[in-house]
Amino acid sequence: MLEVAVGTGLAFAQILAANPHGRNDGIDLTQEMLLRARRRAERSGVHTYRLELGDAHKLDYPAHTFDVLLNNYLFDLLPEEDFPAVLGEFMRVLRPGGRLVIANMTRAAHWYERGWELLYRLNPAWLGGCRGVSLRPYLESAGFQDVTHELIRQLTFPTEILSAVKPHELRHEITEG
Ligand SMILES: C[S@@+](CC[C@H](N)C(=O)[O-])C[C@H]1O[C@@H](n2cnc3c(N)ncnc32)[C@H](O)[C@@H]1O
């Protein structure tokens, strides 16, 4: 498994618990976050992991490496014009049939969730630079299949959870032929 943008490693610790005998990689752009993620991973007692510096825009892995790629609360920080390139990297490093799971802050569906948008407009720093995005069309344009979408709210904070599959090359060949 690969987690991109591990942050303090909360989800990465769960990956280690779920996949103690598999290969588990995590990357983040900053050493500060990696230090915290490593401390948490060390406490897990699982040693089948690597936590390294890395940029979602250019993943340092060969194509078709991972069965599962997890990414939480990154796209809501990135400029929208970067989405296709980052999703292209996710597609590249997943093996055919591999699964992508993404969670990010999404746009408000109800008036009582719009306070978050207002806060962002007043001062993006109050929300750590995050604003709501809707990623589903980007996943479909990138070529992911079986895209599912779920909306959850935590104290009105809206999060979308997307799951999708990298198509098998064979299926590509059949549809293209
Ligand atoms: C809002 S935090 C989310 C952390 C973690 N995924 C979570 O849900 O708790 C965003 C993280 O993305 C990392 N990040 C920002 N830009 C990145 C990039 N281009 N490549 C990899 N990580 C990045 C930041 O360093 C930070 O740890």
# chains A, B, ... in the order shown; residues from 1 in each chain; ligands from 1

$ residues_around --residues "stretch 73-84 of chain A" --least-positions-apart "3" --cutoff "12 Å" --atoms "only C-alpha atoms" --output "VMD selection string"
chain A and resid 3 to 7 11 28 to 29 55 to 58 70 87 to 91 101 to 107 120 124 to 125 127 to 144 158 to 162

$ residues_around --residues "A:Pro96" --least-positions-apart "5" --cutoff "8 Å" --atoms "only C-alpha atoms" --output "ChimeraX atom specification"
/A:64,166-169

$ residues_around --residues "stretch 19-24 of chain A" --least-positions-apart "3" --cutoff "9 Å" --atoms "only C-alpha atoms" --output "VMD selection string"
chain A and resid 1 to 3 12 14 to 16 46 to 51 66

$ atom_distance --atom1 "atom CA of A:Trp111" --atom2 "atom CA of A:His149"
20.8 Å

$ select_by_dssp --residues "chain A" --states "alpha helix (DSSP H)" --output "ChimeraX atom specification"
/A:10-18,31-43,83-93,114-122,136-142,169-176

$ closest_residue --among "A:Asn71, A:Ala18, A:Leu59, A:Arg153" --to "A:Trp116" --atoms "only C-alpha atoms"
A:Arg153

$ closest_residue --among "A:Leu155, A:Val165, A:Ala17, A:Ala37" --to "ligand 1" --atoms "only C-alpha atoms and all ligand atoms"
A:Ala37

$ residues_around --residues "A:Leu35" --least-positions-apart "4" --cutoff "10 Å" --atoms "only C-alpha atoms" --output "ChimeraX atom specification"
/A:7-9,30-31,39-41,51-52

$ atom_distance --atom1 "atom CA of A:Arg95" --atom2 "atom 19 (N, counted along the ligand's line) of ligand 1"
21.5 Å

$ select_by_dssp --residues "stretch 27-161 of chain A" --states "strand (DSSP E)" --output "PyMOL selection string"
chain A and resi 27-28+49-53+66-72+94-105+145-154+157-161

$ residues_around --residues "A:Ala164" --least-positions-apart "3" --cutoff "6 Å" --atoms "only C-alpha atoms" --output "NGL selection string"
:A and (99-100 or 144-147)
